[in-house]
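Participant: Contents of structure-v3.txt (compact mmCIF, C-alpha atoms and all ligand atoms) are below:
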# COMPACT_ATOMS: atom_id res chain seq x y z
CA MET A 1 100.89 129.05 73.60
CA PHE A 2 103.56 127.32 75.73
CA ASN A 3 102.32 124.52 77.98
CA LEU A 4 104.58 122.92 80.52
CA ILE A 5 104.22 120.16 83.13
CA LEU A 6 106.25 120.35 86.32
CA PHE A 7 106.48 116.78 87.56
CA GLY A 8 107.92 114.98 90.57
CA PRO A 9 107.07 113.19 93.80
CA PRO A 10 105.33 114.94 96.71
CA GLY A 11 107.68 117.47 98.24
CA SER A 12 109.98 117.63 95.21
CA GLY A 13 109.56 121.39 94.90
CA LYS A 14 106.80 121.64 92.29
CA GLY A 15 104.81 124.30 94.15
CA THR A 16 107.93 126.20 95.18
CA GLN A 17 109.41 126.31 91.67
CA SER A 18 106.04 126.98 90.00
CA GLU A 19 105.76 130.32 91.79
CA LYS A 20 109.09 131.43 90.36
CA LEU A 21 108.46 130.05 86.87
CA ILE A 22 105.07 131.73 86.40
CA ALA A 23 106.59 135.04 87.48
CA LYS A 24 109.37 134.73 84.90
CA TYR A 25 107.43 133.28 81.95
CA GLY A 26 103.95 134.77 82.48
CA LEU A 27 102.23 131.38 82.45
CA LYS A 28 98.94 130.59 84.19
CA HIS A 29 99.61 128.31 87.18
CA LEU A 30 97.25 125.34 87.49
CA SER A 31 97.98 123.33 90.65
CA THR A 32 95.44 120.58 91.29
CA GLY A 33 96.63 120.42 94.91
CA ASP A 34 95.88 124.15 95.39
CA LEU A 35 92.53 123.86 93.58
CA LEU A 36 91.53 120.90 95.77
CA ARG A 37 92.61 122.64 98.99
CA SER A 38 90.54 125.67 98.00
CA GLU A 39 87.47 123.42 97.47
CA ILE A 40 88.12 121.92 100.92
CA ARG A 41 88.39 125.36 102.56
CA GLU A 42 85.05 126.33 101.02
CA GLN A 43 83.56 122.98 102.06
CA THR A 44 82.05 122.35 98.61
CA PRO A 45 80.71 118.84 97.84
CA LEU A 46 83.80 118.28 95.65
CA GLY A 47 86.05 119.45 98.51
CA LYS A 48 84.39 117.14 101.02
CA GLU A 49 84.84 114.17 98.69
CA ALA A 50 88.49 115.07 97.97
CA GLN A 51 89.34 115.49 101.65
CA ASN A 52 88.62 111.82 102.40
CA PHE A 53 91.30 110.79 99.90
CA MET A 54 93.84 113.50 100.67
CA ASP A 55 93.77 112.85 104.43
CA LYS A 56 94.84 109.27 103.73
CA GLY A 57 97.56 110.26 101.27
CA GLN A 58 95.59 108.78 98.36
CA LEU A 59 94.98 110.29 94.95
CA VAL A 60 91.59 111.93 94.36
CA PRO A 61 89.55 110.09 91.64
CA ASP A 62 90.50 110.96 88.07
CA GLU A 63 87.07 112.23 87.00
CA VAL A 64 87.04 114.82 89.80
CA VAL A 65 90.46 116.20 88.96
CA ILE A 66 89.99 116.11 85.17
CA GLY A 67 86.70 118.02 85.49
CA MET A 68 88.43 120.65 87.61
CA ILE A 69 91.25 121.14 85.07
CA SER A 70 88.82 121.25 82.17
CA SER A 71 86.91 124.13 83.84
CA ALA A 72 90.14 125.92 84.69
CA LEU A 73 91.23 125.79 81.02
CA ASP A 74 87.83 127.12 79.91
CA ASN A 75 88.02 129.93 82.47
CA ASN A 76 91.36 131.18 81.11
CA PRO A 77 90.83 131.56 77.34
CA ASN A 78 93.47 134.26 76.99
CA ALA A 79 96.32 132.57 78.86
CA LYS A 80 99.61 132.67 76.99
CA GLY A 81 100.38 129.21 78.34
CA PHE A 82 99.77 126.94 81.32
CA LEU A 83 102.09 125.51 83.94
CA PHE A 84 100.53 122.26 85.18
CA ASP A 85 101.71 121.52 88.73
CA GLY A 86 100.77 118.16 90.27
CA PHE A 87 98.74 117.23 87.19
CA PRO A 88 98.58 114.81 85.41
CA ARG A 89 99.19 112.25 88.16
CA THR A 90 97.84 109.12 86.40
CA ALA A 91 97.98 107.78 82.84
CA ALA A 92 94.23 108.47 82.48
CA GLN A 93 94.76 112.12 83.50
CA ALA A 94 97.60 112.44 80.96
CA GLU A 95 95.43 111.13 78.14
CA ALA A 96 92.55 113.41 79.15
CA LEU A 97 94.87 116.43 79.26
CA ASP A 98 96.22 115.69 75.80
CA LYS A 99 92.66 115.57 74.44
CA LEU A 100 91.74 118.88 76.12
CA LEU A 101 94.86 120.56 74.72
CA GLU A 102 94.27 119.10 71.26
CA LEU A 103 91.07 121.16 71.12
CA LYS A 104 93.21 124.25 71.73
CA GLU A 105 95.86 123.07 69.26
CA ALA A 106 98.41 123.70 72.01
CA PRO A 107 100.10 120.46 73.10
CA ILE A 108 102.46 120.03 76.05
CA ALA A 109 105.87 121.42 75.03
CA VAL A 110 107.87 119.72 77.77
CA MET A 111 107.60 117.84 81.06
CA LEU A 112 110.27 118.83 83.58
CA ALA A 113 110.68 116.02 86.11
CA LEU A 114 112.31 116.87 89.46
CA GLU A 115 114.43 114.10 91.00
CA VAL A 116 114.77 114.09 94.80
CA SER A 117 115.73 111.27 97.19
CA GLU A 118 113.05 109.79 99.43
CA GLU A 119 114.77 110.85 102.69
CA GLU A 120 114.92 114.45 101.46
CA LEU A 121 111.21 114.37 100.46
CA ILE A 122 110.14 113.16 103.90
CA LYS A 123 112.37 115.69 105.65
CA ARG A 124 110.95 118.59 103.58
CA LEU A 125 107.31 117.60 104.01
CA LEU A 126 107.59 117.07 107.78
CA LYS A 127 109.27 120.47 108.04
CA ARG A 128 106.47 122.12 106.03
CA GLY A 129 103.94 120.30 108.25
CA GLU A 130 105.29 122.20 111.29
CA THR A 131 103.88 125.45 109.90
CA SER A 132 101.57 124.77 106.92
CA GLY A 133 98.53 123.49 108.78
CA ARG A 134 98.33 120.78 106.10
CA SER A 135 97.19 117.57 107.78
CA ASP A 136 98.75 115.48 104.99
CA ASP A 137 102.21 116.86 105.92
CA THR A 138 102.23 116.23 109.67
CA ASN A 139 101.99 112.45 109.77
CA GLU A 140 104.93 110.43 108.44
CA SER A 141 102.75 107.43 107.53
CA VAL A 142 100.50 109.66 105.36
CA ILE A 143 103.60 111.11 103.69
CA ARG A 144 104.86 107.58 102.97
CA ALA A 145 101.42 106.67 101.56
CA ARG A 146 101.66 109.67 99.19
CA ILE A 147 105.10 108.54 98.03
CA THR A 148 103.78 104.98 97.48
CA GLU A 149 100.85 106.38 95.41
CA TYR A 150 103.43 108.28 93.38
CA HIS A 151 105.42 105.10 92.64
CA ASN A 152 102.31 103.00 91.92
CA LYS A 153 100.24 105.42 89.85
CA THR A 154 102.12 108.60 88.97
CA ALA A 155 105.63 107.56 87.92
CA VAL A 156 104.13 105.98 84.73
CA VAL A 157 103.04 109.43 83.57
CA ALA A 158 106.69 110.22 82.77
CA ASP A 159 106.82 107.08 80.57
CA TYR A 160 103.73 108.33 78.75
CA TYR A 161 105.46 111.61 77.77
CA LYS A 162 108.82 109.90 77.14
CA GLN A 163 107.30 108.15 74.11
CA PHE A 164 106.84 111.64 72.59
CA ASP A 165 110.36 112.68 73.67
CA LYS A 166 108.99 115.40 75.94
CA VAL A 167 110.63 114.57 79.28
CA GLU A 168 113.66 116.30 80.81
CA MET A 169 114.94 115.04 84.16
CA VAL A 170 116.15 117.83 86.45
CA LYS A 171 118.09 117.41 89.70
CA GLY A 172 115.71 118.69 92.40
CA GLU A 173 118.25 118.95 95.25
CA GLY A 174 120.32 122.02 96.01
CA THR A 175 119.20 125.57 96.70
CA ILE A 176 115.86 126.80 95.34
CA ASP A 177 117.71 129.20 93.00
CA GLU A 178 120.05 126.51 91.70
CA ILE A 179 117.09 124.29 90.82
CA PHE A 180 115.22 127.25 89.29
CA ASN A 181 118.20 127.97 87.01
CA ARG A 182 118.30 124.34 85.87
CA LEU A 183 114.58 124.47 85.02
CA CYS A 184 114.93 127.77 83.14
CA THR A 185 117.79 126.34 81.06
CA GLU A 186 115.52 123.50 79.92
CA ILE A 187 112.59 125.80 79.18
CA ASP A 188 114.72 128.27 77.23
CA LYS A 189 115.88 125.42 74.98
CA ARG A 190 112.28 124.76 73.96
CA ALA A 191 110.39 128.05 74.29
P1 LIG B 1 100.06 118.67 96.00
O1 LIG B 1 99.48 119.90 96.48
O2 LIG B 1 100.40 118.56 94.56
O3 LIG B 1 101.25 118.47 97.00
P2 LIG B 1 102.75 118.07 96.99
O4 LIG B 1 103.02 117.03 95.93
O5 LIG B 1 103.06 117.76 98.39
O6 LIG B 1 103.46 119.43 96.70
P3 LIG B 1 104.75 119.97 96.08
O7 LIG B 1 105.63 118.92 95.45
O8 LIG B 1 104.27 121.05 95.20
O9 LIG B 1 105.44 120.62 97.34
P4 LIG B 1 106.82 121.41 97.31
O10 LIG B 1 107.80 120.37 96.88
O11 LIG B 1 106.81 122.66 96.55
O12 LIG B 1 99.12 117.39 96.33
C1 LIG B 1 98.54 117.16 97.60
C2 LIG B 1 97.48 116.03 97.51
O13 LIG B 1 96.40 116.46 96.63
C3 LIG B 1 97.93 114.71 96.89
O14 LIG B 1 98.52 113.85 97.86
C4 LIG B 1 96.58 114.14 96.36
O15 LIG B 1 95.81 113.56 97.37
C5 LIG B 1 95.85 115.38 95.88
N1 LIG B 1 96.04 115.65 94.43
C6 LIG B 1 96.68 116.75 93.91
N2 LIG B 1 96.68 116.68 92.56
C7 LIG B 1 96.05 115.51 92.23
C8 LIG B 1 95.79 114.87 90.98
N3 LIG B 1 96.16 115.40 89.82
N4 LIG B 1 95.13 113.67 90.99
C9 LIG B 1 94.73 113.12 92.15
N5 LIG B 1 94.97 113.67 93.36
C10 LIG B 1 95.64 114.86 93.41
O16 LIG B 1 107.13 121.77 98.75
C11 LIG B 1 107.51 120.85 99.76
C12 LIG B 1 108.37 121.51 100.83
O17 LIG B 1 109.72 121.46 100.41
C13 LIG B 1 108.06 122.98 101.09
O18 LIG B 1 108.02 123.22 102.45
C14 LIG B 1 109.22 123.73 100.42
O19 LIG B 1 109.53 124.93 101.11
C15 LIG B 1 110.34 122.72 100.56
N6 LIG B 1 111.32 122.88 99.49
C16 LIG B 1 111.07 123.09 98.18
N7 LIG B 1 112.23 123.16 97.48
C17 LIG B 1 113.24 122.96 98.40
C18 LIG B 1 114.66 122.91 98.29
N8 LIG B 1 115.32 123.09 97.14
N9 LIG B 1 115.38 122.66 99.42
C19 LIG B 1 114.74 122.49 100.59
N10 LIG B 1 113.40 122.54 100.77
C20 LIG B 1 112.65 122.77 99.67
I need this file expressed as structure tokens, please.
Facilitator:
Amino acid sequence: MFNLILFGPPGSGKGTQSEKLIAKYGLKHLSTGDLLRSEIREQTPLGKEAQNFMDKGQLVPDEVVIGMISSALDNNPNAKGFLFDGFPRTAAQAEALDKLLELKEAPIAVMLALEVSEEELIKRLLKRGETSGRSDDTNESVIRARITEYHNKTAVVADYYKQFDKVEMVKGEGTIDEIFNRLCTEIDKRA
């Protein structure tokens, strides 16, 4: 089993690159952002709770997101590996994920961390907001709040995996194919 984390600030290309990576490597894509948006669309109690946080650009509470990932792992017993996109986003989520994967004897192989400048992130997210219908992409102050949450709570997750020598920084600017090739080079070294 090959488990990989695609990491980076909001708008760094995690969702975009995940689509291409799962197609090439046959991994199961687990995006907490997508899972949460699907709960919101279905107006489940979890979705209603999550929406309050997401609309403000804040992270959804750890216990909600960890529970969601735990069920997703249980629901995919035959996956040949998982690509975690947008998860873990806090140190507590990283520790919980390691415990869940320990049970499967399939630890994280590598964290690929996309590096993109703040101006580029804001430009990309506002552009997506023109067509995505995502309320968290249309308002620049919500986008800035998401980036602040990333610096305050999420950036430390890379330090957590660095202690196990599992982090590779990848330049996240350039064309989508250029970035994809950089990511594949790193995966192929470890797979
Ligand atoms: P996510 O859905 O994870 O949203 P994101 O960080 O904005 O997405 P991503 O980084 O994948 O976007 P991409 O660059 O691909 O999270 C949304 C919210 O959900 C969070 O704010 C939080 O509230 C909540 N949440 C999710 N997970 C959570 C967790 N674990 N714990 C707590 N809360 C959680 O795309 C951005 C745009 O850039 C696209 O339009 C794309 O076309 C464009 N783009 C991509 N690559 C490009 C390139 N090379 N050049 C130009 N444009 C590019």
Participant: What does the distance between CA of Glu102 in chain A and CA of Val167 in chain A come to in Å, to one decimal place?
Facilitator: 18.8 Å
Participant: List all protein, DNA and RNA residues that have any atom at most 6 Å from ligand LIG 1 (chain B), counting all atoms listed in the file, and write the list as a PyMOL selection string.
Facilitator: chain A and resi 9-16+32-34+53-54+57-60+65+86-89+124-125+128+146+173-176
Participant: Those residues with C-alpha atoms, as a JSON list (two decimals), keeping the file's coordinate frame please?
Facilitator:
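Below you can see again_28.json, which holds the result:
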[["chain", "number", "residue", "atom", "x", "y", "z"],
["A", 9, "PRO", "CA", 107.07, 113.19, 93.80],
["A", 10, "PRO", "CA", 105.33, 114.94, 96.71],
["A", 11, "GLY", "CA", 107.68, 117.47, 98.24],
["A", 12, "SER", "CA", 109.98, 117.63, 95.21],
["A", 13, "GLY", "CA", 109.56, 121.39, 94.90],
["A", 14, "LYS", "CA", 106.80, 121.64, 92.29],
["A", 15, "GLY", "CA", 104.81, 124.30, 94.15],
["A", 16, "THR", "CA", 107.93, 126.20, 95.18],
["A", 32, "THR", "CA", 95.44, 120.58, 91.29],
["A", 33, "GLY", "CA", 96.63, 120.42, 94.91],
["A", 34, "ASP", "CA", 95.88, 124.15, 95.39],
["A", 53, "PHE", "CA", 91.30, 110.79, 99.90],
["A", 54, "MET", "CA", 93.84, 113.50, 100.67],
["A", 57, "GLY", "CA", 97.56, 110.26, 101.27],
["A", 58, "GLN", "CA", 95.59, 108.78, 98.36],
["A", 59, "LEU", "CA", 94.98, 110.29, 94.95],
["A", 60, "VAL", "CA", 91.59, 111.93, 94.36],
["A", 65, "VAL", "CA", 90.46, 116.20, 88.96],
["A", 86, "GLY", "CA", 100.77, 118.16, 90.27],
["A", 87, "PHE", "CA", 98.74, 117.23, 87.19],
["A", 88, "PRO", "CA", 98.58, 114.81, 85.41],
["A", 89, "ARG", "CA", 99.19, 112.25, 88.16],
["A", 124, "ARG", "CA", 110.95, 118.59, 103.58],
["A", 125, "LEU", "CA", 107.31, 117.60, 104.01],
["A", 128, "ARG", "CA", 106.47, 122.12, 106.03],
["A", 146, "ARG", "CA", 101.66, 109.67, 99.19],
["A", 173, "GLU", "CA", 118.25, 118.95, 95.25],
["A", 174, "GLY", "CA", 120.32, 122.02, 96.01],
["A", 175, "THR", "CA", 119.20, 125.57, 96.70],
["A", 176, "ILE", "CA", 115.86, 126.80, 95.34]]
Participant: Determine the nearest neighbour of Pro77 in chain A from the options A:Leu35, A:Ala109, A:Arg41, A:Lys104, counting all atoms listed in the file.
Facilitator: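 Nearest candidate to Pro77 in chain A out of A:Leu35, A:Ala109, A:Arg41, A:Lys104: A:Lys104.
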Participant: Counting only C-alpha atoms, which residue out of A:Leu112, A:Lys123, A:Leu83, A:Ile66 sits closest to Leu100 in chain A?
Facilitator: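 Ranking A:Leu112, A:Lys123, A:Leu83, A:Ile66 by distance to Leu100 in chain A, first place goes to A:Ile66.
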Participant: Leaving out Ile108 in chain A and any residue of its chain fewer than 2 positions from it, which residues lie within 6 Å of it when counting all atoms listed in the file, given as a list in words?
Facilitator: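 Skipping anything fewer than 2 positions along the chain leaves Asn3, Leu4 and Val110 of chain A.
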Participant: For Ala106 in chain A, work out the shell of residues within 10 Å, counting only C-alpha atoms and skipping chain neighbours fewer than 6 positions away, then give it as number ranges by chain.
Facilitator: A: 1-3, 81-82, 98, 100
Participant: Work out how far apart CA of Arg190 in chain A and CA of Ile5 in chain A are and give it in Å to one decimal.
Facilitator: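 A separation of 13.0 Å between them.
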Participant: For Asn139 in chain A, find every residue with an atom within 10 Å (counting all atoms listed in the file), except residues of its own chain fewer than 3 positions away, and show them as a count of residues only.
Facilitator: 12
Participant: Could you please determine the separation between CA of Met169 in chain A and CA of Val116 in chain A in Å, to one decimal place?
Facilitator: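 CA of Met169 in chain A sits 10.7 Å away from CA of Val116 in chain A.
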Participant: Can you work out which one of A:Arg37, A:Asp85, A:Met68, A:Asn181 has the shortest atom-to-atom distance to Gly133 in chain A, counting only C-alpha atoms?
Facilitator: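 With only C-alpha atoms as the atom set, the closest residue is A:Arg37.
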Participant: What box, with edges along x, y and z, holds each listed atom of range 21-38 of chain A when 3 Å is added on every side, and can you state its centre and edge lengths in Å to one decimal, as AutoDock Vina command-line options?
Facilitator:
--center_x 100.0 --center_y 127.7 --center_z 90.5 --size_x 24.8 --size_y 20.6 --size_z 23.0
Participant: Using all atoms listed in the file, which of A:Ala23, A:Leu101, A:Ala94, A:Leu46 sits nearest Phe180 in chain A?
Facilitator: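 When distances to Phe180 in chain A are compared using all atoms listed in the file, the smallest one comes from A:Ala23.
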Participant: Between A:Glu42, A:Glu178, A:Glu115, A:Glu130, which is the closest to Phe7 in chain A once you count all atoms listed in the file?
Facilitator: A:Glu115
Participant: Given all atoms listed in the file as the basis, pick out the residue of A:Glu149, A:Val170, A:Thr154, A:Gln43 nearest to Gln93 in chain A.
Facilitator: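 Answer, going by the shortest atom-to-atom distance: A:Thr154.
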Participant: Using all atoms listed in the file, determine which residues lie at most 10 Å from Tyr161 in chain A, disregarding the query and same-chain residues fewer than 2 positions distant; provide the list as a list in words.
Facilitator: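 Here the answer would be Ala91, Ala94, Ile108, Val110, Met111, Val156, Val157, Ala158, Asp159, Gln163, Phe164, Asp165, Lys166, Val167 and Glu168 of chain A.
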Participant: Write the selection just made, keeping C-alpha atoms, as a compact mmCIF listing (two decimals), keeping the file's coordinate frame?
Facilitator:
# COMPACT_ATOMS: atom_id res chain seq x y z
CA ALA A 91 97.98 107.78 82.84
CA ALA A 94 97.60 112.44 80.96
CA ILE A 108 102.46 120.03 76.05
CA VAL A 110 107.87 119.72 77.77
CA MET A 111 107.60 117.84 81.06
CA VAL A 156 104.13 105.98 84.73
CA VAL A 157 103.04 109.43 83.57
CA ALA A 158 106.69 110.22 82.77
CA ASP A 159 106.82 107.08 80.57
CA GLN A 163 107.30 108.15 74.11
CA PHE A 164 106.84 111.64 72.59
CA ASP A 165 110.36 112.68 73.67
CA LYS A 166 108.99 115.40 75.94
CA VAL A 167 110.63 114.57 79.28
CA GLU A 168 113.66 116.30 80.81
